[in-house]
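**Q** Just one file: protein38.pdb, with PDB, C-alpha atoms, pLDDT in the B column.
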```pdb
ATOM      1  CA  MET A 306      37.582   0.790 109.447  1.00 87.00           C
ATOM      2  CA  GLY A 307      35.803   2.709 106.691  1.00 94.00           C
ATOM      3  CA  VAL A 308      35.746   1.533 103.096  1.00 98.00           C
ATOM      4  CA  ILE A 309      37.171  -1.929 102.521  1.00 97.00           C
ATOM      5  CA  ARG A 310      39.053  -2.156  99.233  1.00 97.00           C
ATOM      6  CA  THR A 311      36.675  -4.602  97.619  1.00 98.00           C
ATOM      7  CA  ASP A 312      37.831  -3.210  94.262  1.00 97.00           C
ATOM      8  CA  GLU A 313      41.039  -5.162  94.846  1.00 97.00           C
ATOM      9  CA  TRP A 314      39.018  -8.284  95.645  1.00 97.00           C
ATOM     10  CA  LEU A 315      37.035  -7.804  92.455  1.00 97.00           C
ATOM     11  CA  GLU A 316      40.220  -7.347  90.458  1.00 96.00           C
ATOM     12  CA  GLN A 317      41.416 -10.741  91.640  1.00 96.00           C
ATOM     13  CA  ASP A 318      38.213 -12.762  91.924  1.00 96.00           C
ATOM     14  CA  PHE A 319      35.461 -11.062  89.935  1.00 97.00           C
ATOM     15  CA  GLU A 320      34.157 -14.346  88.523  1.00 96.00           C
ATOM     16  CA  ASN A 321      34.494 -16.215  91.812  1.00 96.00           C
ATOM     17  CA  VAL A 322      31.876 -14.519  93.966  1.00 96.00           C
ATOM     18  CA  LEU A 323      32.068 -17.193  96.666  1.00 96.00           C
ATOM     19  CA  SER A 324      35.733 -16.375  97.160  1.00 96.00           C
ATOM     20  CA  ILE A 325      34.797 -12.728  97.645  1.00 96.00           C
ATOM     21  CA  CYS A 326      32.078 -13.674 100.138  1.00 96.00           C
ATOM     22  CA  LYS A 327      34.557 -15.833 102.028  1.00 95.00           C
ATOM     23  CA  ARG A 328      36.620 -12.710 102.713  1.00 95.00           C
ATOM     24  CA  MET A 329      33.595 -11.215 104.471  1.00 95.00           C
ATOM     25  CA  LYS A 330      33.152 -14.026 106.990  1.00 93.00           C
ATOM     26  CA  LYS A 331      34.643 -11.959 109.800  1.00 91.00           C
ATOM     27  CA  SER A 332      31.728  -9.530 109.401  1.00 93.00           C
ATOM     28  CA  PHE A 333      29.063 -12.259 109.322  1.00 93.00           C
ATOM     29  CA  GLU A 334      29.087 -14.285 112.495  1.00 84.00           C
ATOM     30  CA  ASP A 335      28.331 -18.004 112.110  1.00 86.00           C
ATOM     31  CA  ALA A 336      27.717 -17.752 108.340  1.00 92.00           C
ATOM     32  CA  ASP A 337      29.739 -19.477 105.638  1.00 94.00           C
ATOM     33  CA  GLU A 338      30.462 -18.025 102.201  1.00 95.00           C
ATOM     34  CA  LYS A 339      27.442 -19.692 100.577  1.00 96.00           C
ATOM     35  CA  GLU A 340      25.057 -18.233 103.143  1.00 96.00           C
ATOM     36  CA  ILE A 341      26.689 -14.820 102.786  1.00 97.00           C
ATOM     37  CA  PHE A 342      26.364 -15.016  99.005  1.00 97.00           C
ATOM     38  CA  GLN A 343      22.693 -16.007  99.172  1.00 96.00           C
ATOM     39  CA  PHE A 344      21.967 -13.098 101.506  1.00 95.00           C
ATOM     40  CA  LEU A 345      23.889 -10.540  99.457  1.00 96.00           C
ATOM     41  CA  TYR A 346      22.470 -11.768  96.158  1.00 95.00           C
ATOM     42  CA  LYS A 347      18.926 -11.177  97.397  1.00 92.00           C
ATOM     43  CA  LYS A 348      19.935  -7.654  98.371  1.00 93.00           C
ATOM     44  CA  GLY A 349      21.481  -6.743  95.020  1.00 93.00           C
ATOM     45  CA  LEU A 350      24.952  -8.276  94.635  1.00 96.00           C
ATOM     46  CA  TYR A 351      26.149  -8.429  91.038  1.00 95.00           C
ATOM     47  CA  LYS A 352      26.095 -11.546  88.910  1.00 93.00           C
ATOM     48  CA  PRO A 353      29.386 -12.082  87.021  1.00 95.00           C
ATOM     49  CA  SER A 354      28.934 -11.075  83.365  1.00 93.00           C
ATOM     50  CA  LYS A 355      30.617  -8.846  80.822  1.00 94.00           C
ATOM     51  CA  PHE A 356      28.099  -6.114  81.691  1.00 93.00           C
ATOM     52  CA  SER A 357      28.707  -6.218  85.445  1.00 94.00           C
ATOM     53  CA  LYS A 358      32.442  -6.237  84.784  1.00 96.00           C
ATOM     54  CA  ILE A 359      32.087  -3.111  82.661  1.00 96.00           C
ATOM     55  CA  ASP A 360      30.231  -1.504  85.568  1.00 96.00           C
ATOM     56  CA  TYR A 361      33.018  -2.503  87.936  1.00 97.00           C
ATOM     57  CA  HIS A 362      35.646  -0.875  85.731  1.00 97.00           C
ATOM     58  CA  LYS A 363      33.519   2.273  85.428  1.00 97.00           C
ATOM     59  CA  LEU A 364      33.077   2.416  89.205  1.00 98.00           C
ATOM     60  CA  LYS A 365      36.817   2.093  89.605  1.00 97.00           C
ATOM     61  CA  LYS A 366      37.490   4.757  86.976  1.00 97.00           C
ATOM     62  CA  ILE A 367      35.273   7.303  88.730  1.00 97.00           C
ATOM     63  CA  ARG A 368      36.919   6.386  92.063  1.00 98.00           C
ATOM     64  CA  VAL A 369      33.760   5.335  93.882  1.00 98.00           C
ATOM     65  CA  TRP A 370      35.710   3.650  96.676  1.00 98.00           C
ATOM     66  CA  GLU A 371      37.550   6.882  97.451  1.00 98.00           C
ATOM     67  CA  LYS A 372      34.351   8.955  97.255  1.00 98.00           C
ATOM     68  CA  ILE A 373      32.453   6.731  99.684  1.00 98.00           C
ATOM     69  CA  ASP A 374      35.407   6.789 102.056  1.00 98.00           C
ATOM     70  CA  ARG A 375      35.303  10.599 102.073  1.00 98.00           C
ATOM     71  CA  PHE A 376      31.587  10.487 102.899  1.00 98.00           C
ATOM     72  CA  PHE A 377      32.347   8.056 105.703  1.00 98.00           C
ATOM     73  CA  HIS A 378      34.872  10.358 107.365  1.00 98.00           C
ATOM     74  CA  LYS A 379      32.626  13.393 106.838  1.00 98.00           C
ATOM     75  CA  TYR A 380      29.543  11.903 108.507  1.00 98.00           C
ATOM     76  CA  LYS A 381      31.439   9.931 111.121  1.00 97.00           C
ATOM     77  CA  LYS A 382      32.737  13.287 112.354  1.00 97.00           C
ATOM     78  CA  LYS A 383      29.372  15.076 112.036  1.00 96.00           C
ATOM     79  CA  TRP A 384      27.359  12.421 113.877  1.00 97.00           C
ATOM     80  CA  ASN A 385      30.036  10.816 116.028  1.00 96.00           C
ATOM     81  CA  GLY A 386      29.172   7.747 113.983  1.00 96.00           C
ATOM     82  CA  PRO A 387      30.449   4.183 114.319  1.00 97.00           C
ATOM     83  CA  ASP A 388      33.752   3.007 112.875  1.00 97.00           C
ATOM     84  CA  ILE A 389      32.407   0.190 110.719  1.00 97.00           C
ATOM     85  CA  PRO A 390      33.579  -1.634 107.587  1.00 97.00           C
ATOM     86  CA  ILE A 391      31.884  -0.563 104.347  1.00 98.00           C
ATOM     87  CA  TYR A 392      31.770  -3.026 101.453  1.00 98.00           C
ATOM     88  CA  ILE A 393      31.086  -1.838  97.894  1.00 98.00           C
ATOM     89  CA  PHE A 394      30.057  -4.025  94.954  1.00 98.00           C
ATOM     90  CA  PRO A 395      28.478  -3.533  91.535  1.00 96.00           C
ATOM     91  CA  ILE A 396      24.698  -3.833  91.660  1.00 95.00           C
ATOM     92  CA  ARG A 397      22.866  -6.633  89.894  1.00 92.00           C
ATOM     93  CA  LYS A 398      20.762  -5.465  86.980  1.00 82.00           C
ATOM     94  CA  SER A 399      17.828  -7.494  85.772  1.00 72.00           C
ATOM     95  CA  ILE A 400      14.192  -7.200  84.767  1.00 46.00           C
ATOM     96  CA  ASN A 401      13.159  -7.435  88.421  1.00 54.00           C
ATOM     97  CA  MET A 402      15.885  -5.184  89.764  1.00 57.00           C
ATOM     98  CA  ASN A 403      16.196  -1.815  88.048  1.00 58.00           C
ATOM     99  CA  PHE A 404      17.718   0.112  90.937  1.00 75.00           C
ATOM    100  CA  GLN A 405      20.870   2.100  90.226  1.00 89.00           C
ATOM    101  CA  LYS A 406      21.959   2.011  93.844  1.00 93.00           C
ATOM    102  CA  THR A 407      20.925   0.302  97.033  1.00 94.00           C
ATOM    103  CA  GLY A 408      22.410  -0.708 100.340  1.00 95.00           C
ATOM    104  CA  ILE A 409      21.918  -2.444 103.630  1.00 96.00           C
ATOM    105  CA  SER A 410      23.220  -1.421 107.019  1.00 96.00           C
ATOM    106  CA  PHE A 411      23.782  -3.106 110.348  1.00 94.00           C
ATOM    107  CA  LYS A 412      25.128  -1.886 113.645  1.00 94.00           C
ATOM    108  CA  ASP A 413      28.565  -3.210 112.706  1.00 95.00           C
ATOM    109  CA  LYS A 414      28.786  -3.009 108.885  1.00 97.00           C
ATOM    110  CA  MET A 415      27.397  -1.523 105.692  1.00 98.00           C
ATOM    111  CA  ILE A 416      27.148  -2.997 102.194  1.00 98.00           C
ATOM    112  CA  LEU A 417      26.504  -0.817  99.141  1.00 98.00           C
ATOM    113  CA  PHE A 418      25.535  -2.037  95.666  1.00 97.00           C
ATOM    114  CA  LEU A 419      26.250   0.609  93.055  1.00 96.00           C
ATOM    115  CA  SER A 420      26.156   1.345  89.347  1.00 95.00           C
ATOM    116  CA  PRO A 421      28.155   4.079  87.587  1.00 96.00           C
ATOM    117  CA  LEU A 422      26.435   7.454  88.093  1.00 95.00           C
ATOM    118  CA  GLU A 423      27.391  10.926  86.900  1.00 94.00           C
ATOM    119  CA  ASP A 424      26.140  12.775  89.974  1.00 96.00           C
ATOM    120  CA  ASP A 425      28.221  12.110  93.101  1.00 97.00           C
ATOM    121  CA  LYS A 426      25.387  13.489  95.208  1.00 97.00           C
ATOM    122  CA  GLU A 427      23.407  10.340  94.364  1.00 97.00           C
ATOM    123  CA  TYR A 428      26.076   8.289  96.086  1.00 98.00           C
ATOM    124  CA  GLU A 429      26.147  10.667  99.029  1.00 98.00           C
ATOM    125  CA  ALA A 430      22.364  10.441  99.453  1.00 98.00           C
ATOM    126  CA  LEU A 431      22.529   6.658  99.619  1.00 98.00           C
ATOM    127  CA  PHE A 432      25.442   6.805 102.037  1.00 98.00           C
ATOM    128  CA  VAL A 433      23.670   9.298 104.303  1.00 98.00           C
ATOM    129  CA  HIS A 434      20.557   7.110 104.455  1.00 98.00           C
ATOM    130  CA  GLU A 435      22.435   3.903 105.201  1.00 98.00           C
ATOM    131  CA  TYR A 436      25.020   5.361 107.582  1.00 98.00           C
ATOM    132  CA  HIS A 437      22.227   7.067 109.504  1.00 98.00           C
ATOM    133  CA  HIS A 438      20.812   3.578 110.143  1.00 98.00           C
ATOM    134  CA  ALA A 439      24.136   2.320 111.474  1.00 97.00           C
ATOM    135  CA  SER A 440      24.649   5.423 113.601  1.00 97.00           C
ATOM    136  CA  ARG A 441      21.160   5.264 115.087  1.00 97.00           C
ATOM    137  CA  MET A 442      21.444   1.559 115.862  1.00 96.00           C
ATOM    138  CA  ASN A 443      24.688   2.217 117.722  1.00 96.00           C
ATOM    139  CA  GLN A 444      23.270   5.122 119.715  1.00 94.00           C
ATOM    140  CA  LEU A 445      19.984   3.447 120.663  1.00 93.00           C
ATOM    141  CA  ILE A 446      21.834   0.544 122.308  1.00 83.00           C
ATOM    142  CA  LYS A 447      18.900  -1.775 121.740  1.00 88.00           C
ATOM    143  CA  PRO A 448      19.182  -5.506 120.930  1.00 90.00           C
ATOM    144  CA  LEU A 449      18.168  -6.276 117.356  1.00 88.00           C
ATOM    145  CA  ASP A 450      15.602  -8.860 118.461  1.00 90.00           C
ATOM    146  CA  GLU A 451      13.747  -6.113 120.329  1.00 94.00           C
ATOM    147  CA  TYR A 452      13.277  -3.903 117.272  1.00 96.00           C
ATOM    148  CA  THR A 453       9.660  -3.454 116.218  1.00 97.00           C
ATOM    149  CA  LEU A 454       7.785  -2.223 113.172  1.00 97.00           C
ATOM    150  CA  LEU A 455       7.627   1.208 114.825  1.00 98.00           C
ATOM    151  CA  ASP A 456      11.417   1.215 115.165  1.00 97.00           C
ATOM    152  CA  SER A 457      11.771   0.439 111.469  1.00 97.00           C
ATOM    153  CA  ILE A 458       9.198   2.982 110.305  1.00 97.00           C
ATOM    154  CA  ILE A 459      10.852   5.785 112.281  1.00 98.00           C
ATOM    155  CA  MET A 460      14.325   4.584 111.280  1.00 97.00           C
ATOM    156  CA  GLU A 461      13.467   4.950 107.594  1.00 98.00           C
ATOM    157  CA  GLY A 462      11.754   8.298 108.094  1.00 97.00           C
ATOM    158  CA  LEU A 463      14.682   9.775 110.004  1.00 98.00           C
ATOM    159  CA  ALA A 464      17.235   8.456 107.502  1.00 98.00           C
ATOM    160  CA  GLU A 465      15.449  10.043 104.568  1.00 98.00           C
ATOM    161  CA  HIS A 466      15.072  13.326 106.406  1.00 98.00           C
ATOM    162  CA  ALA A 467      18.845  13.193 106.880  1.00 98.00           C
ATOM    163  CA  VAL A 468      19.084  12.978 103.080  1.00 98.00           C
ATOM    164  CA  LEU A 469      16.809  16.011 102.863  1.00 98.00           C
ATOM    165  CA  GLU A 470      18.978  17.946 105.329  1.00 97.00           C
ATOM    166  CA  TYR A 471      22.375  17.145 103.869  1.00 98.00           C
ATOM    167  CA  CYS A 472      21.713  16.507 100.170  1.00 98.00           C
ATOM    168  CA  GLY A 473      18.500  18.358  99.305  1.00 97.00           C
ATOM    169  CA  SER A 474      14.957  17.490  98.273  1.00 96.00           C
ATOM    170  CA  GLU A 475      15.968  16.501  94.729  1.00 97.00           C
ATOM    171  CA  TYR A 476      17.823  13.503  96.164  1.00 96.00           C
ATOM    172  CA  LEU A 477      14.945  12.102  98.190  1.00 96.00           C
ATOM    173  CA  ALA A 478      13.757   8.587  97.412  1.00 93.00           C
ATOM    174  CA  LYS A 479      10.762   8.344  95.101  1.00 92.00           C
ATOM    175  CA  TRP A 480       8.642   6.716  97.786  1.00 93.00           C
ATOM    176  CA  CYS A 481       8.590  10.020  99.691  1.00 93.00           C
ATOM    177  CA  GLU A 482       6.079  11.286  97.125  1.00 92.00           C
ATOM    178  CA  TYR A 483       4.093   8.133  96.382  1.00 93.00           C
ATOM    179  CA  TYR A 484       1.053   9.141  98.445  1.00 95.00           C
ATOM    180  CA  SER A 485      -0.851  12.202  99.594  1.00 96.00           C
ATOM    181  CA  ASN A 486      -1.001  13.053 103.290  1.00 95.00           C
ATOM    182  CA  LYS A 487      -4.627  11.957 103.360  1.00 96.00           C
ATOM    183  CA  MET A 488      -3.762   8.551 101.917  1.00 96.00           C
ATOM    184  CA  ILE A 489      -0.913   8.114 104.387  1.00 95.00           C
ATOM    185  CA  LYS A 490      -3.207   8.922 107.317  1.00 94.00           C
ATOM    186  CA  ASN A 491      -5.608   6.248 106.087  1.00 95.00           C
ATOM    187  CA  PHE A 492      -2.807   3.724 105.636  1.00 95.00           C
ATOM    188  CA  TRP A 493      -1.594   4.482 109.144  1.00 94.00           C
ATOM    189  CA  ASP A 494      -5.035   3.989 110.657  1.00 93.00           C
ATOM    190  CA  PHE A 495      -5.955   0.864 108.700  1.00 93.00           C
ATOM    191  CA  TYR A 496      -2.642  -0.985 108.294  1.00 93.00           C
ATOM    192  CA  LEU A 497       0.095   0.183 110.638  1.00 95.00           C
ATOM    193  CA  SER A 498      -1.124   1.730 113.903  1.00 94.00           C
ATOM    194  CA  LYS A 499      -2.401  -1.595 115.282  1.00 94.00           C
ATOM    195  CA  ASN A 500       0.757  -3.497 114.330  1.00 96.00           C
ATOM    196  CA  LEU A 501       3.525  -1.251 115.646  1.00 97.00           C
ATOM    197  CA  ASN A 502       4.781  -3.796 118.174  1.00 96.00           C
ATOM    198  CA  ILE A 503       5.409  -6.538 115.605  1.00 96.00           C
ATOM    199  CA  LYS A 504       9.030  -7.694 115.962  1.00 96.00           C
ATOM    200  CA  LEU A 505      11.623  -7.928 113.198  1.00 93.00           C
ATOM    201  CA  ASP A 506      11.392 -11.710 113.009  1.00 93.00           C
ATOM    202  CA  ASN A 507       7.636 -11.641 112.377  1.00 96.00           C
ATOM    203  CA  PRO A 508       6.961 -12.135 108.625  1.00 94.00           C
ATOM    204  CA  MET A 509       4.377  -9.353 108.748  1.00 96.00           C
ATOM    205  CA  HIS A 510       7.091  -6.834 109.697  1.00 97.00           C
ATOM    206  CA  ASP A 511       8.566  -6.712 106.188  1.00 95.00           C
ATOM    207  CA  VAL A 512       5.176  -7.129 104.527  1.00 96.00           C
ATOM    208  CA  LEU A 513       3.941  -3.956 106.204  1.00 96.00           C
ATOM    209  CA  LEU A 514       7.207  -2.005 106.039  1.00 96.00           C
ATOM    210  CA  TYR A 515       7.788  -2.601 102.325  1.00 94.00           C
ATOM    211  CA  GLY A 516       4.157  -2.876 101.314  1.00 93.00           C
ATOM    212  CA  MET A 517       4.094  -6.434 100.006  1.00 91.00           C
ATOM    213  CA  LYS A 518       1.108  -8.549  99.000  1.00 90.00           C
ATOM    214  CA  GLN A 519      -2.106  -6.498  99.207  1.00 91.00           C
ATOM    215  CA  PHE A 520      -0.511  -3.522 100.963  1.00 92.00           C
ATOM    216  CA  PRO A 521       0.535  -0.245  99.266  1.00 92.00           C
ATOM    217  CA  THR A 522       4.123  -0.204  97.978  1.00 93.00           C
ATOM    218  CA  MET A 523       6.672   1.084 100.535  1.00 95.00           C
ATOM    219  CA  VAL A 524       3.832   2.047 102.883  1.00 95.00           C
ATOM    220  CA  GLY A 525       5.946   1.817 106.046  1.00 96.00           C
ATOM    221  CA  TYR A 526       8.696   3.965 104.549  1.00 97.00           C
ATOM    222  CA  ALA A 527       6.227   6.575 103.295  1.00 96.00           C
ATOM    223  CA  CYS A 528       4.521   6.750 106.687  1.00 97.00           C
ATOM    224  CA  GLY A 529       7.881   7.146 108.400  1.00 97.00           C
ATOM    225  CA  PHE A 530       8.803  10.107 106.224  1.00 97.00           C
ATOM    226  CA  TYR A 531       5.379  11.652 106.864  1.00 96.00           C
ATOM    227  CA  LEU A 532       5.657  11.239 110.655  1.00 97.00           C
ATOM    228  CA  ILE A 533       9.023  12.990 110.784  1.00 97.00           C
ATOM    229  CA  ASN A 534       7.692  15.711 108.510  1.00 96.00           C
ATOM    230  CA  GLU A 535       4.789  16.352 110.878  1.00 95.00           C
ATOM    231  CA  PHE A 536       7.100  16.269 113.902  1.00 96.00           C
ATOM    232  CA  LYS A 537       9.332  18.907 112.302  1.00 96.00           C
ATOM    233  CA  LYS A 538       6.391  21.286 111.991  1.00 94.00           C
ATOM    234  CA  LYS A 539       6.159  21.529 115.782  1.00 93.00           C
ATOM    235  CA  ASN A 540       9.778  21.018 116.833  1.00 93.00           C
ATOM    236  CA  HIS A 541      13.163  22.487 116.009  1.00 94.00           C
ATOM    237  CA  PHE A 542      14.710  19.533 114.206  1.00 95.00           C
ATOM    238  CA  SER A 543      18.175  18.474 113.159  1.00 96.00           C
ATOM    239  CA  THR A 544      19.392  14.999 112.266  1.00 97.00           C
ATOM    240  CA  LYS A 545      22.188  15.027 114.834  1.00 96.00           C
ATOM    241  CA  THR A 546      19.953  16.196 117.704  1.00 96.00           C
ATOM    242  CA  PHE A 547      17.384  13.433 117.244  1.00 97.00           C
ATOM    243  CA  LEU A 548      19.704  10.633 116.165  1.00 96.00           C
ATOM    244  CA  ASP A 549      19.210   8.709 119.414  1.00 95.00           C
ATOM    245  CA  SER A 550      15.599   9.661 120.206  1.00 96.00           C
ATOM    246  CA  PRO A 551      13.200   6.761 120.938  1.00 95.00           C
ATOM    247  CA  PRO A 552      10.709   6.112 118.131  1.00 96.00           C
ATOM    248  CA  GLU A 553       7.704   6.868 120.324  1.00 95.00           C
ATOM    249  CA  ARG A 554       8.792  10.511 120.436  1.00 95.00           C
ATOM    250  CA  PHE A 555       7.840  10.963 116.786  1.00 96.00           C
ATOM    251  CA  LEU A 556       4.280   9.669 117.033  1.00 93.00           C
ATOM    252  CA  ILE A 557       1.598  12.278 116.462  1.00 79.00           C
ATOM    253  CA  ASP A 558      -1.884  12.531 117.937  1.00 68.00           C
TER     254      ASP A 558
END
```
Using the file provided, produce a representation of the structure as structure tokens.
**A**
Amino acid sequence: MGVIRTDEWLEQDFENVLSICKRMKKSFEDADEKEIFQFLYKKGLYKPSKFSKIDYHKLKKIRVWEKIDRFFHKYKKKWNGPDIPIYIFPIRKSINMNFQKTGISFKDKMILFLSPLEDDKEYEALFVHEYHHASRMNQLIKPLDEYTLLDSIIMEGLAEHAVLEYCGSEYLAKWCEYYSNKMIKNFWDFYLSKNLNIKLDNPMHDVLLYGMKQFPTMVGYACGFYLINEFKKKNHFSTKTFLDSPPERFLID
């Protein structure tokens, strides 16, 4: 599969986002175009405007679709990764959403929301993180409804260490440096360690993973990165070797 030419969809139907979402129905089981739009919009899908259209043309000019497709073939070969469709759209920019790039991955698809960037390595770092998710989900062979908070914490930690391995420390997400090791240990003890078996469909899963409400921002992500970092101190580590390792393997005493 690889990169779907959503640039051609955008050329035809940029203003009609529902029409674009309708083309994705084969990748979203039992969802209609309105449900797909609502889901994607929450994740970062563009809102039609002269500014988002300018971004689209810039993305096309710098050949983002071709670049992401090259990353796909590169890491599919490296990791024996899944052959999934990858959808690319301009990212929505607003007061509450100042990200330049973001994405979401599933076992059977990936969606990237991008803005024009000068450094291609920024795109590669996002791709590595998201495609690592898809690759790990395919290798674990575990039903989605059995995933727990521990699965998610380790998933995020491993994905960002893949960024570190293949792109370098300068491309790590900012949340990797939000907290000191001492703070993370406290967060783990007080907030996360007693809730590791919470399932994906439990509202507290996202609250703890992302650090919503009274919890520290991105606390689950930061703890995941820390756990893999500590594991690497005692083990010879590579992304490919530990791609399918159970999350419990990365817990420390």
**Q** Mind telling me what the PyMOL selection byres ((chain A and resi 502) around 9) catches here, as a list in words?
**A** Tyr452, Thr453, Leu454, Leu455, Asp456, Lys499, Asn500, Leu501, Ile503 and Lys504 of chain A
**Q** Counting all atoms listed in the file, which residue out of A:Ser332, A:Trp314, A:Ala430, A:Thr522 sits closest to Glu470 (chain A)?
**A** A:Ala430
**Q** Hey, what comes out of the PyMOL selection byres ((chain A and resi 425) around 12) on this file? Could you write it as a PDB file with C-alpha atoms, in the frame of the given file?
**A**
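See out-v4.pdb below for the written result:
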```
ATOM      1  CA  LEU A 364      33.077   2.416  89.205  1.00 98.00           C
ATOM      2  CA  ILE A 367      35.273   7.303  88.730  1.00 97.00           C
ATOM      3  CA  ARG A 368      36.919   6.386  92.063  1.00 98.00           C
ATOM      4  CA  VAL A 369      33.760   5.335  93.882  1.00 98.00           C
ATOM      5  CA  TRP A 370      35.710   3.650  96.676  1.00 98.00           C
ATOM      6  CA  GLU A 371      37.550   6.882  97.451  1.00 98.00           C
ATOM      7  CA  LYS A 372      34.351   8.955  97.255  1.00 98.00           C
ATOM      8  CA  ILE A 373      32.453   6.731  99.684  1.00 98.00           C
ATOM      9  CA  ARG A 375      35.303  10.599 102.073  1.00 98.00           C
ATOM     10  CA  PHE A 376      31.587  10.487 102.899  1.00 98.00           C
ATOM     11  CA  LYS A 406      21.959   2.011  93.844  1.00 93.00           C
ATOM     12  CA  LEU A 419      26.250   0.609  93.055  1.00 96.00           C
ATOM     13  CA  SER A 420      26.156   1.345  89.347  1.00 95.00           C
ATOM     14  CA  PRO A 421      28.155   4.079  87.587  1.00 96.00           C
ATOM     15  CA  LEU A 422      26.435   7.454  88.093  1.00 95.00           C
ATOM     16  CA  GLU A 423      27.391  10.926  86.900  1.00 94.00           C
ATOM     17  CA  ASP A 424      26.140  12.775  89.974  1.00 96.00           C
ATOM     18  CA  LYS A 426      25.387  13.489  95.208  1.00 97.00           C
ATOM     19  CA  GLU A 427      23.407  10.340  94.364  1.00 97.00           C
ATOM     20  CA  TYR A 428      26.076   8.289  96.086  1.00 98.00           C
ATOM     21  CA  GLU A 429      26.147  10.667  99.029  1.00 98.00           C
ATOM     22  CA  ALA A 430      22.364  10.441  99.453  1.00 98.00           C
ATOM     23  CA  LEU A 431      22.529   6.658  99.619  1.00 98.00           C
ATOM     24  CA  PHE A 432      25.442   6.805 102.037  1.00 98.00           C
ATOM     25  CA  CYS A 472      21.713  16.507 100.170  1.00 98.00           C
ATOM     26  CA  TYR A 476      17.823  13.503  96.164  1.00 96.00           C
TER      27      TYR A 476
END
```
**Q** Can you list, as JSON, numbers by chain, every protein, DNA or RNA residue that comes within 9 Å of region 484-492 of chain A when you count only C-alpha atoms, leaving out same-chain residues fewer than 6 positions away?
**A** {"A": [498, 520, 521, 524, 525, 527, 528, 531]}
**Q** Could you please determine the separation between CA of Asp388 (chain A) and CA of Ser550 (chain A) in Å, to one decimal place?
**A** 20.7 Å
**Q** May I ask which of the residues A:Arg310, A:Lys412, A:Lys398, A:Lys339 is the closest one to Ser324 (chain A), counting all atoms listed in the file?
**A** A:Lys339
**Q** Please, what distance in Å, to one decimal, runs between CA of Pro390 (chain A) and CA of Thr544 (chain A)?
**A**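 Atom-to-atom, CA of Pro390 (chain A) to CA of Thr544 (chain A), that is 22.4 Å.
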**Q** Please evaluate the PyMOL selection byres ((chain A and resi 391) around 8) against the structure above and give the resulting residues as a list in words.
**A**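 Those residues are Met306, Gly307, Val308, Ile309, Ile389, Pro390, Tyr392, Ile393, Lys414, Met415, Ile416 and Leu417 of chain A.
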**Q** To one decimal place in Å, what is the distance between CA of His438 (chain A) and CA of Ser410 (chain A)?
**A**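 One can read the CA of His438 (chain A) to CA of Ser410 (chain A) distance as 6.4 Å.
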**Q** Box for region 478-489 of chain A - axis-aligned, 3 Å on each of the six sides, all listed atoms - centre and size in Å to one decimal, as lines of an AutoDock Vina configuration file.
**A**
```
center_x = 4.6
center_y = 9.9
center_z = 99.7
size_x = 24.4
size_y = 12.3
size_z = 15.3
```
**Q** For Asp318 (chain A), which residue out of A:Gly516, A:Pro353, A:Tyr496, A:Lys381 is the nearest one, using all atoms listed in the file?
**A**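 So, comparing all the options, the nearest one is A:Pro353.
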**Q** Would you mind telling me which residue in A:Lys538, A:Lys331, A:Lys365, A:Lys545 lies nearest to Arg441 (chain A) when using all atoms listed in the file?
**A** A:Lys545
**Q** Compare A:Phe342, A:Trp480, A:Phe356, A:Phe555 by their minimum atom-to-atom distance to Lys539 (chain A), counting only C-alpha atoms, and give me the closest one.
**A**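 Closest to Lys539 (chain A) of all the choices is A:Phe555.
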**Q** Measuring between all atoms listed in the file, which one of A:Leu463, A:Leu469, A:Leu350, A:Leu505 shows the shortest distance to Thr407 (chain A)?
**A** A:Leu350
